[in-house]
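S.K.: Please find input-v3.cif (mmCIF, C-alpha atoms) on the next line:
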```
data_work
#
loop_
_atom_site.label_atom_id
_atom_site.label_comp_id
_atom_site.auth_asym_id
_atom_site.auth_seq_id
_atom_site.Cartn_x
_atom_site.Cartn_y
_atom_site.Cartn_z
CA MET A 1 145.38 150.78 148.47
CA ARG A 2 144.07 153.91 150.15
CA LYS A 3 140.30 154.36 149.94
CA LEU A 4 139.30 157.52 148.12
CA LYS A 5 137.55 160.33 149.97
CA ASN A 6 134.19 161.57 148.70
CA GLU A 7 135.77 164.76 147.36
CA GLU A 8 138.15 162.68 145.22
CA LEU A 9 135.37 160.85 143.36
CA GLY A 10 134.64 163.55 140.79
CA ARG A 11 130.92 163.58 141.48
CA LEU A 12 128.89 165.79 139.17
CA THR A 13 126.50 168.45 140.35
CA ILE A 14 122.92 168.03 139.11
CA GLU A 15 123.52 170.87 136.67
CA GLU A 16 126.69 169.21 135.27
CA TYR A 17 124.87 165.87 135.13
CA LYS A 18 122.04 167.32 133.04
CA GLN A 19 124.65 168.63 130.54
CA SER A 20 126.76 165.46 130.39
CA ASN A 21 126.88 162.88 127.60
CA LYS A 22 124.35 160.17 128.35
CA THR A 23 124.61 156.42 127.89
CA PRO A 24 121.94 155.65 125.24
CA ILE A 25 119.75 153.58 127.56
CA ALA A 26 116.19 154.25 128.75
CA ILE A 27 114.43 152.18 131.39
CA ILE A 28 110.73 151.30 131.42
CA LEU A 29 109.38 150.08 134.75
CA ASP A 30 106.21 148.08 134.00
CA ASN A 31 104.08 147.99 137.15
CA ILE A 32 106.83 147.79 139.78
CA ARG A 33 105.42 147.40 143.27
CA SER A 34 108.43 148.04 145.48
CA LEU A 35 109.45 151.63 146.25
CA ASN A 36 112.83 150.27 147.24
CA ASN A 37 113.31 148.80 143.75
CA ILE A 38 112.18 152.01 142.03
CA GLY A 39 114.63 154.13 144.03
CA SER A 40 117.44 151.68 143.46
CA VAL A 41 116.95 151.75 139.67
CA PHE A 42 117.20 155.56 139.79
CA ARG A 43 120.45 155.33 141.74
CA THR A 44 121.96 152.84 139.26
CA GLY A 45 120.69 154.94 136.36
CA ASP A 46 122.45 158.00 137.81
CA GLY A 47 125.76 156.12 138.21
CA LEU A 48 125.71 154.80 134.65
CA CYS A 49 124.37 158.13 133.36
CA ILE A 50 121.40 156.79 131.40
CA GLU A 51 119.00 158.96 129.44
CA GLN A 52 115.61 158.51 131.08
CA ILE A 53 113.24 156.35 133.09
CA TYR A 54 109.55 155.74 132.35
CA LEU A 55 107.47 154.83 135.39
CA CYS A 56 104.33 153.00 134.26
CA GLY A 57 101.07 151.70 135.70
CA ILE A 58 101.21 151.08 139.46
CA THR A 59 104.88 152.16 139.60
CA ALA A 60 105.01 155.00 142.14
CA THR A 61 106.56 158.36 141.23
CA PRO A 62 108.77 160.87 143.06
CA PRO A 63 108.59 162.73 145.33
CA ASN A 64 108.11 159.80 147.71
CA LYS A 65 110.10 159.29 150.87
CA ASP A 66 110.47 155.53 150.38
CA ILE A 67 111.76 155.98 146.82
CA HIS A 68 114.13 158.62 148.18
CA LYS A 69 115.56 156.16 150.74
CA THR A 70 117.19 154.11 147.99
CA ALA A 71 117.42 156.77 145.23
CA LEU A 72 119.34 159.14 147.53
CA GLY A 73 118.77 162.14 145.29
CA ALA A 74 119.01 160.39 141.90
CA THR A 75 115.38 161.30 141.17
CA GLU A 76 116.68 164.87 140.77
CA SER A 77 119.42 164.00 138.29
CA VAL A 78 117.82 161.29 136.10
CA THR A 79 115.00 162.45 133.80
CA TRP A 80 111.76 160.53 134.39
CA LYS A 81 108.19 160.48 133.09
CA TYR A 82 105.01 158.69 134.07
CA LYS A 83 102.65 156.77 131.73
CA LYS A 84 99.58 154.95 132.97
CA ASP A 85 99.81 152.40 130.14
CA THR A 86 103.22 150.80 129.56
CA LEU A 87 102.35 150.41 125.87
CA ASP A 88 102.19 154.21 125.57
CA ALA A 89 105.75 154.46 126.95
CA ILE A 90 106.87 151.89 124.37
CA LYS A 91 105.13 153.77 121.57
CA GLN A 92 106.75 157.02 122.66
CA LEU A 93 110.25 155.52 122.90
CA LYS A 94 109.88 153.70 119.57
CA SER A 95 109.03 157.07 118.00
CA GLU A 96 112.27 158.44 119.52
CA GLY A 97 114.20 155.64 117.79
CA TYR A 98 114.74 153.26 120.71
CA THR A 99 114.93 149.48 120.30
CA ILE A 100 112.62 147.97 122.94
CA VAL A 101 114.10 145.10 124.95
CA SER A 102 112.03 143.30 127.59
CA VAL A 103 114.05 141.54 130.26
CA GLU A 104 112.09 138.33 130.59
CA GLN A 105 112.33 134.56 130.43
CA ALA A 106 110.53 133.89 127.14
CA GLU A 107 110.63 131.72 124.04
CA GLY A 108 113.28 133.02 121.66
CA SER A 109 114.89 135.30 124.24
CA ILE A 110 118.53 136.27 123.72
CA MET A 111 120.80 135.30 126.60
CA LEU A 112 122.57 138.32 128.10
CA GLN A 113 126.06 136.99 127.31
CA ASN A 114 125.08 136.78 123.61
CA PHE A 115 123.56 140.24 123.35
CA LYS A 116 125.69 142.50 121.15
CA VAL A 117 124.95 146.20 121.33
CA LYS A 118 124.87 147.91 117.92
CA VAL A 119 126.77 151.16 117.51
CA GLU A 120 124.47 154.21 117.21
CA GLU A 121 121.50 152.21 118.58
CA LYS A 122 119.53 153.34 121.63
CA TYR A 123 117.94 150.74 123.89
CA ALA A 124 114.88 150.90 126.14
CA LEU A 125 115.02 148.11 128.72
CA VAL A 126 111.71 146.94 130.22
CA PHE A 127 111.59 145.44 133.72
CA GLY A 128 108.35 144.01 135.05
CA HIS A 129 106.35 143.36 138.17
CA GLU A 130 108.15 141.56 141.02
CA VAL A 131 105.94 138.46 140.78
CA LYS A 132 104.25 138.56 137.37
CA GLY A 133 107.23 139.87 135.38
CA VAL A 134 106.79 141.95 132.22
CA ALA A 135 103.18 141.68 130.97
CA GLN A 136 102.72 139.47 127.89
CA ASN A 137 101.26 142.36 125.83
CA VAL A 138 104.36 144.43 126.68
CA VAL A 139 106.62 141.52 125.68
CA ASP A 140 104.64 141.26 122.42
CA ALA A 141 105.26 144.97 121.71
CA SER A 142 109.03 144.59 122.25
CA ASP A 143 111.72 144.05 119.62
CA TYR A 144 113.57 141.43 121.70
CA CYS A 145 113.51 139.60 124.99
CA LEU A 146 116.74 139.47 126.92
CA GLU A 147 117.32 136.83 129.57
CA ILE A 148 119.89 136.56 132.34
CA PRO A 149 121.09 132.92 132.51
CA GLN A 150 120.32 131.29 135.84
CA PHE A 151 121.54 128.07 137.39
CA GLY A 152 119.90 128.01 140.78
CA THR A 153 116.80 126.97 142.65
CA LYS A 154 114.85 130.23 142.15
CA HIS A 155 115.22 131.48 138.57
CA SER A 156 114.27 134.99 139.53
CA PHE A 157 116.49 137.91 140.46
CA ASN A 158 115.45 140.96 142.40
CA ILE A 159 114.42 143.53 139.79
CA SER A 160 116.86 146.21 140.93
CA VAL A 161 119.66 143.61 140.73
CA SER A 162 118.55 142.43 137.24
CA ALA A 163 118.42 146.05 136.15
CA GLY A 164 121.97 146.55 137.47
CA MET A 165 123.32 143.47 135.67
CA VAL A 166 121.69 144.26 132.33
CA MET A 167 122.52 147.98 132.48
CA TRP A 168 126.16 147.13 133.31
CA GLU A 169 126.43 144.74 130.34
CA LEU A 170 125.06 147.30 127.86
CA PHE A 171 127.02 150.17 129.45
CA ARG A 172 130.27 148.17 129.24
CA GLN A 173 129.75 147.42 125.57
CA MET A 174 128.71 150.99 124.77
CA ARG A 175 131.46 152.83 126.66
CA TYR A 176 134.49 150.49 126.41
CA MET B 1 107.60 135.68 122.37
CA ARG B 2 105.64 133.58 124.82
CA LYS B 3 106.72 134.00 128.45
CA LEU B 4 107.93 130.76 129.99
CA LYS B 5 105.99 129.12 132.79
CA ASN B 6 107.73 128.37 136.09
CA GLU B 7 107.85 124.65 135.29
CA GLU B 8 109.74 125.38 132.04
CA LEU B 9 112.60 127.19 133.78
CA GLY B 10 114.57 124.10 134.80
CA ARG B 11 114.87 125.16 138.43
CA LEU B 12 117.04 122.91 140.56
CA THR B 13 115.92 121.35 143.81
CA ILE B 14 118.09 122.23 146.80
CA GLU B 15 119.58 118.71 146.65
CA GLU B 16 120.45 119.11 142.93
CA TYR B 17 121.84 122.58 143.62
CA LYS B 18 124.19 121.28 146.31
CA GLN B 19 125.57 118.70 143.81
CA SER B 20 125.89 121.10 140.85
CA ASN B 21 129.10 122.64 139.48
CA LYS B 22 129.69 125.95 141.15
CA THR B 23 130.93 129.23 139.71
CA PRO B 24 134.28 129.79 141.51
CA ILE B 25 133.14 132.91 143.37
CA ALA B 26 132.79 133.48 147.12
CA ILE B 27 131.25 136.60 148.63
CA ILE B 28 132.39 138.29 151.86
CA LEU B 29 129.90 140.73 153.38
CA ASP B 30 131.89 143.10 155.60
CA ASN B 31 129.51 144.62 158.15
CA ILE B 32 126.39 144.95 156.00
CA ARG B 33 123.57 146.69 157.84
CA SER B 34 120.56 146.04 155.61
CA LEU B 35 118.73 142.70 155.85
CA ASN B 36 117.26 143.46 152.46
CA ASN B 37 120.76 143.67 150.94
CA ILE B 38 121.90 140.46 152.63
CA GLY B 39 118.90 138.50 151.35
CA SER B 40 119.28 139.94 147.88
CA VAL B 41 122.95 138.87 147.67
CA PHE B 42 121.87 135.32 148.59
CA ARG B 43 119.27 135.35 145.82
CA THR B 44 121.78 136.55 143.22
CA GLY B 45 124.35 134.03 144.50
CA ASP B 46 121.81 131.23 144.01
CA GLY B 47 121.02 132.30 140.44
CA LEU B 48 124.69 132.48 139.44
CA CYS B 49 125.46 129.34 141.44
CA ILE B 50 128.37 130.70 143.48
CA GLU B 51 130.31 128.67 146.01
CA GLN B 52 129.76 130.37 149.36
CA ILE B 53 128.99 133.54 151.30
CA TYR B 54 130.78 134.73 154.44
CA LEU B 55 128.68 136.97 156.68
CA CYS B 56 130.98 139.08 158.88
CA GLY B 57 130.77 141.45 161.80
CA ILE B 58 127.36 143.13 162.18
CA THR B 59 126.02 141.31 159.09
CA ALA B 60 122.94 139.40 160.28
CA THR B 61 122.61 135.65 159.66
CA PRO B 62 119.74 133.34 158.67
CA PRO B 63 117.23 132.35 159.80
CA ASN B 64 115.81 135.87 159.83
CA LYS B 65 112.43 136.82 158.41
CA ASP B 66 113.67 140.07 156.84
CA ILE B 67 116.58 138.30 155.11
CA HIS B 68 114.07 135.69 153.91
CA LYS B 69 111.88 138.39 152.31
CA THR B 70 114.53 139.10 149.66
CA ALA B 71 116.44 135.76 149.72
CA LEU B 72 113.23 133.82 149.05
CA GLY B 73 114.77 130.49 150.06
CA ALA B 74 118.30 131.04 148.71
CA THR B 75 119.70 130.85 152.26
CA GLU B 76 118.90 127.12 152.01
CA SER B 77 120.74 126.54 148.75
CA VAL B 78 123.84 128.76 149.03
CA THR B 79 126.45 127.68 151.60
CA TRP B 80 127.18 130.39 154.16
CA LYS B 81 129.32 130.89 157.26
CA TYR B 82 129.65 133.59 159.89
CA LYS B 83 132.90 135.21 161.10
CA LYS B 84 132.95 137.99 163.68
CA ASP B 85 136.14 139.45 162.19
CA THR B 86 136.18 139.96 158.41
CA LEU B 87 139.96 139.43 158.44
CA ASP B 88 139.37 135.85 159.66
CA ALA B 89 137.12 135.20 156.65
CA ILE B 90 139.85 136.55 154.36
CA LYS B 91 142.48 134.38 156.06
CA GLN B 92 140.26 131.31 155.67
CA LEU B 93 139.49 131.96 152.00
CA LYS B 94 143.15 132.73 151.20
CA SER B 95 144.04 129.34 152.72
CA GLU B 96 141.47 127.78 150.35
CA GLY B 97 143.25 129.39 147.39
CA TYR B 98 140.94 132.34 146.72
CA THR B 99 142.17 135.66 145.34
CA ILE B 100 140.65 138.39 147.53
CA VAL B 101 139.06 141.30 145.67
CA SER B 102 137.54 144.24 147.56
CA VAL B 103 134.93 146.19 145.62
CA GLU B 104 135.87 149.72 146.58
CA GLN B 105 136.86 153.10 145.19
CA ALA B 106 140.56 153.17 146.10
CA GLU B 107 143.95 154.24 144.78
CA GLY B 108 145.20 151.69 142.24
CA SER B 109 141.82 149.98 141.89
CA ILE B 110 141.14 148.06 138.67
CA MET B 111 138.08 149.28 136.77
CA LEU B 112 135.50 146.52 136.29
CA GLN B 113 135.67 146.68 132.47
CA ASN B 114 139.42 146.01 132.66
CA PHE B 115 139.26 143.08 135.07
CA LYS B 116 140.24 139.86 133.34
CA VAL B 117 139.39 136.65 135.16
CA LYS B 118 142.21 134.08 135.13
CA VAL B 119 141.34 130.49 134.25
CA GLU B 120 141.50 128.13 137.24
CA GLU B 121 141.43 131.09 139.68
CA LYS B 122 138.82 131.41 142.43
CA TYR B 123 137.74 134.87 143.55
CA ALA B 124 136.37 136.11 146.87
CA LEU B 125 134.56 139.43 146.39
CA VAL B 126 134.29 141.73 149.40
CA PHE B 127 131.39 144.18 149.71
CA GLY B 128 131.32 146.67 152.58
CA HIS B 129 129.06 148.68 154.82
CA GLU B 130 126.36 150.77 153.12
CA VAL B 131 127.88 154.08 154.24
CA LYS B 132 131.50 153.37 155.23
CA GLY B 133 132.28 150.86 152.45
CA VAL B 134 134.86 148.10 152.91
CA ALA B 135 137.02 148.82 155.99
CA GLN B 136 140.55 150.07 155.21
CA ASN B 137 142.17 147.11 157.05
CA VAL B 138 140.10 144.73 154.91
CA VAL B 139 141.13 146.60 151.75
CA ASP B 140 144.76 146.32 152.94
CA ALA B 141 144.40 142.55 153.32
CA SER B 142 143.00 142.17 149.77
CA ASP B 143 144.91 141.25 146.61
CA TYR B 144 143.11 143.85 144.49
CA CYS B 145 140.47 146.54 144.60
CA LEU B 146 137.86 146.47 141.88
CA GLU B 147 135.84 149.58 141.03
CA ILE B 148 132.64 150.04 139.05
CA PRO B 149 133.02 153.16 136.88
CA GLN B 150 130.49 155.85 137.72
CA PHE B 151 129.51 159.01 135.89
CA GLY B 152 126.75 160.46 138.03
CA THR B 153 126.04 162.70 140.98
CA LYS B 154 126.24 160.00 143.68
CA HIS B 155 129.21 157.69 143.06
CA SER B 156 127.72 154.95 145.17
CA PHE B 157 125.59 152.00 144.11
CA ASN B 158 123.32 150.01 146.36
CA ILE B 159 125.42 147.09 147.62
CA SER B 160 123.09 144.38 146.32
CA VAL B 161 123.18 146.07 142.90
CA SER B 162 127.01 146.38 142.95
CA ALA B 163 127.22 142.74 143.94
CA GLY B 164 124.95 141.82 141.02
CA MET B 165 127.00 143.83 138.51
CA VAL B 166 130.38 142.48 139.65
CA MET B 167 129.14 138.89 140.01
CA TRP B 168 127.63 139.08 136.51
CA GLU B 169 130.90 140.36 134.99
CA LEU B 170 132.97 137.56 136.58
CA PHE B 171 130.31 134.91 135.89
CA ARG B 172 130.14 135.94 132.21
CA GLN B 173 133.89 135.66 131.81
CA MET B 174 134.06 132.35 133.70
CA ARG B 175 131.16 130.58 132.02
CA TYR B 176 131.13 131.94 128.43
#
```
Step by step, read the file and then write its structure as C-alpha cells.
M.R.:
Amino acid sequence: MRKLKNEELGRLTIEEYKQSNKTPIAIILDNIRSLNNIGSVFRTGDGLCIEQIYLCGITATPPNKDIHKTALGATESVTWKYKKDTLDAIKQLKSEGYTIVSVEQAEGSIMLQNFKVKVEEKYALVFGHEVKGVAQNVVDASDYCLEIPQFGTKHSFNISVSAGMVMWELFRQMRY
Amino acid sequence: MRKLKNEELGRLTIEEYKQSNKTPIAIILDNIRSLNNIGSVFRTGDGLCIEQIYLCGITATPPNKDIHKTALGATESVTWKYKKDTLDAIKQLKSEGYTIVSVEQAEGSIMLQNFKVKVEEKYALVFGHEVKGVAQNVVDASDYCLEIPQFGTKHSFNISVSAGMVMWELFRQMRY
C-alpha cells in the first residue's frame, strides 16, 4: 500500500475551495481559550469543507501566529466572523435557517450515536470553554444538546477532538 | 436543558476503570512529536475506554508535564507501553490477535465511511508523525490502510483530531 504523495491528494486551491459545495455545518466557538484549539477547529473545518465558523467572546481571531500553528492556512479557506456575544451569533445563524446544537452534557441531551441528521437541514454546532463548557444561557438558546458518550475517568474531551468527532458524525451522515 | 454537574457524570475511579469492559481498540503512536497530541490521545482513549496505547520511537512517555497538560490524568487510567521500533509493537499486537490498521492516505486505502467493524475483532490503529505520517514500512506491515475523506485545501488533520474521528467511528460501530 504505497503512501500517496502530496500532489496526488487533489488538494483544492483557496479559490477552488471558496467555490466548492459546502457541508451544511457552521461552528460557533463560545469563549474558547486555547489558540491551539481554535486553529485545530479551522483545520478540521477545511478538511470537511464546512460553511463557516463564528468566533465569540474571548475566542481569539486570525491573524494570530499561534492559531496559524495548528490552522496551517485554513483561516484563509474557511469563512469566519467574530461576535462579542455568542447569543448574537446564534440569533444570526437562526435567521439563516440553521438548527443550533450545543455540544454539552446536559439534561435531555441526545447521545451522538442517536443523532439523525435531517436532509436539507443546516446545523450550527456550539463548542464551549475548555473548563466551563458551553454557557447555560447559550445552551438555553439552542434547539438541542448533543453529547458524546463517555466511559472513562474524566468525562471531558479536548474541544478540538470533540469538534472532530461530532463534525465527522454529521459529515458522514450528510455526505454518504 | 440544565447542564450536568461533575458529580452527575458517573465518572469512574481509576480502580473501576481498570476493571471495566474495554472497547477492543489499541492505539499505536508511530513517532509522534507533539506532547500535546500524545496527551490528547490518552484523554480520548480514556473517554472511549480503549484497551491500550503503544508509544513508539520518538514518541515521549509519561510521566511528562506537557503530556499531562492535555492527558489530565488519563495516563493513569489507560494502559500504555513503549517500543523503540514500531514494527515490534505491531508484531506484539498481531500476536495478541489484533488487526493492524494504519490511518494514512495510501493506494488501496479504505475510506472511513466504508469501514465496517467485524464482530469479535480487535483493532490496532496506527497514527504517524505530524509531517511524515505513518512510515512506509509500518504501512507495509499493516492489514489495511484507513483514510478520512477530505475536501479542503490541506488534506491533513491534526493527529489527535484524526485519532478522535477514527476512534469514534469504530467505537460507535462496536458499542451501538
S.K.: Env of range 74-89 of chain B: 10 Å cut, atoms = only C-alpha atoms, seq-sep filter 4 positions within chain, self excluded. Answer as a ChimeraX atom specification.
M.R.: /A:152-154 /B:12-18,26-31,38-47,49-64,67-68,70,93-95,124,126,134-135,137-139,141-142
S.K.: Work out how far CA of Arg175 in chain A is from CA of Tyr98 in chain A, in Å to one decimal.
M.R.: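 These two atoms are separated by 17.8 Å.
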S.K.: Counting all atoms listed in the file, which of B:Gly128, B:Gly97, B:Pro24, B:Gly10 gets nearest to chain A?
M.R.: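 The closest residue to chain A is B:Gly10.
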S.K.: Measuring between only C-alpha atoms, which one of A:Ser20, A:Gln105, A:Ser34, A:Gln173 shows the shortest distance to chain B?
M.R.: A:Gln105
S.K.: Selected by the PyMOL selection byres ((chain A and resi 121) around 9) in the shown coordinates: which residues, as a list in words?
M.R.: Pro24, Gly97, Tyr98, Thr99, Val117, Lys118, Val119, Glu120, Lys122 and Tyr123 of chain A
S.K.: Please produce an output containing C-alpha atoms for each residue in the selection, written as a PDB file, keeping the file's coordinate frame.
M.R.:
```
ATOM      1  CA  PRO A  24     121.940 155.650 125.240  1.00  0.00           C
ATOM      2  CA  GLY A  97     114.200 155.640 117.790  1.00  0.00           C
ATOM      3  CA  TYR A  98     114.740 153.260 120.710  1.00  0.00           C
ATOM      4  CA  THR A  99     114.930 149.480 120.300  1.00  0.00           C
ATOM      5  CA  VAL A 117     124.950 146.200 121.330  1.00  0.00           C
ATOM      6  CA  LYS A 118     124.870 147.910 117.920  1.00  0.00           C
ATOM      7  CA  VAL A 119     126.770 151.160 117.510  1.00  0.00           C
ATOM      8  CA  GLU A 120     124.470 154.210 117.210  1.00  0.00           C
ATOM      9  CA  LYS A 122     119.530 153.340 121.630  1.00  0.00           C
ATOM     10  CA  TYR A 123     117.940 150.740 123.890  1.00  0.00           C
TER      11      TYR A 123
END
```
S.K.: Taking the file as shown, what set of residues would the PyMOL selection byres ((chain B and resi 104) around 12) give back, as a PyMOL selection string?
M.R.: (chain A and resi 1-5+9) or (chain B and resi 30+101-103+105-112+125-136+138-140+142+144-149+155-157+159+162-163+166)
S.K.: I need the chosen residues saved as a tab-separated table (two decimals), keeping the file's coordinate frame, with C-alpha atoms.
M.R.:
```tsv
chain	number	residue	atom	x	y	z
A	1	MET	CA	145.38	150.78	148.47
A	2	ARG	CA	144.07	153.91	150.15
A	3	LYS	CA	140.30	154.36	149.94
A	4	LEU	CA	139.30	157.52	148.12
A	5	LYS	CA	137.55	160.33	149.97
A	9	LEU	CA	135.37	160.85	143.36
B	30	ASP	CA	131.89	143.10	155.60
B	101	VAL	CA	139.06	141.30	145.67
B	102	SER	CA	137.54	144.24	147.56
B	103	VAL	CA	134.93	146.19	145.62
B	105	GLN	CA	136.86	153.10	145.19
B	106	ALA	CA	140.56	153.17	146.10
B	107	GLU	CA	143.95	154.24	144.78
B	108	GLY	CA	145.20	151.69	142.24
B	109	SER	CA	141.82	149.98	141.89
B	110	ILE	CA	141.14	148.06	138.67
B	111	MET	CA	138.08	149.28	136.77
B	112	LEU	CA	135.50	146.52	136.29
B	125	LEU	CA	134.56	139.43	146.39
B	126	VAL	CA	134.29	141.73	149.40
B	127	PHE	CA	131.39	144.18	149.71
B	128	GLY	CA	131.32	146.67	152.58
B	129	HIS	CA	129.06	148.68	154.82
B	130	GLU	CA	126.36	150.77	153.12
B	131	VAL	CA	127.88	154.08	154.24
B	132	LYS	CA	131.50	153.37	155.23
B	133	GLY	CA	132.28	150.86	152.45
B	134	VAL	CA	134.86	148.10	152.91
B	135	ALA	CA	137.02	148.82	155.99
B	136	GLN	CA	140.55	150.07	155.21
B	138	VAL	CA	140.10	144.73	154.91
B	139	VAL	CA	141.13	146.60	151.75
B	140	ASP	CA	144.76	146.32	152.94
B	142	SER	CA	143.00	142.17	149.77
B	144	TYR	CA	143.11	143.85	144.49
B	145	CYS	CA	140.47	146.54	144.60
B	146	LEU	CA	137.86	146.47	141.88
B	147	GLU	CA	135.84	149.58	141.03
B	148	ILE	CA	132.64	150.04	139.05
B	149	PRO	CA	133.02	153.16	136.88
B	155	HIS	CA	129.21	157.69	143.06
B	156	SER	CA	127.72	154.95	145.17
B	157	PHE	CA	125.59	152.00	144.11
B	159	ILE	CA	125.42	147.09	147.62
B	162	SER	CA	127.01	146.38	142.95
B	163	ALA	CA	127.22	142.74	143.94
B	166	VAL	CA	130.38	142.48	139.65
```
S.K.: Please indicate the distance in Å from CA of Arg172 in chain A to CA of Gln19 in chain A, rounded to one decimal place.
M.R.: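 Taking CA of Arg172 in chain A and CA of Gln19 in chain A, their separation equals 21.3 Å.
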S.K.: Distance CA of Phe115 in chain B-CA of Ile100 in chain B, one decimal place?
M.R.: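 Atom-to-atom, CA of Phe115 in chain B and CA of Ile100 in chain B are spaced 13.4 Å apart.
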S.K.: Nearest to Leu35 in chain B among B:Lys69, B:Tyr176, B:Gln92, B:Gln113, with distances taken over all atoms listed in the file: which residue is it?
M.R.: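 Selected residue with least distance to Leu35 in chain B: B:Lys69.
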S.K.: May I ask which of the residues A:Phe171, A:Asp66, A:Lys91, A:Arg11 is the closest one to chain B, counting only C-alpha atoms?
M.R.: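 Ranking A:Phe171, A:Asp66, A:Lys91, A:Arg11 by distance to chain B, first place goes to A:Arg11.
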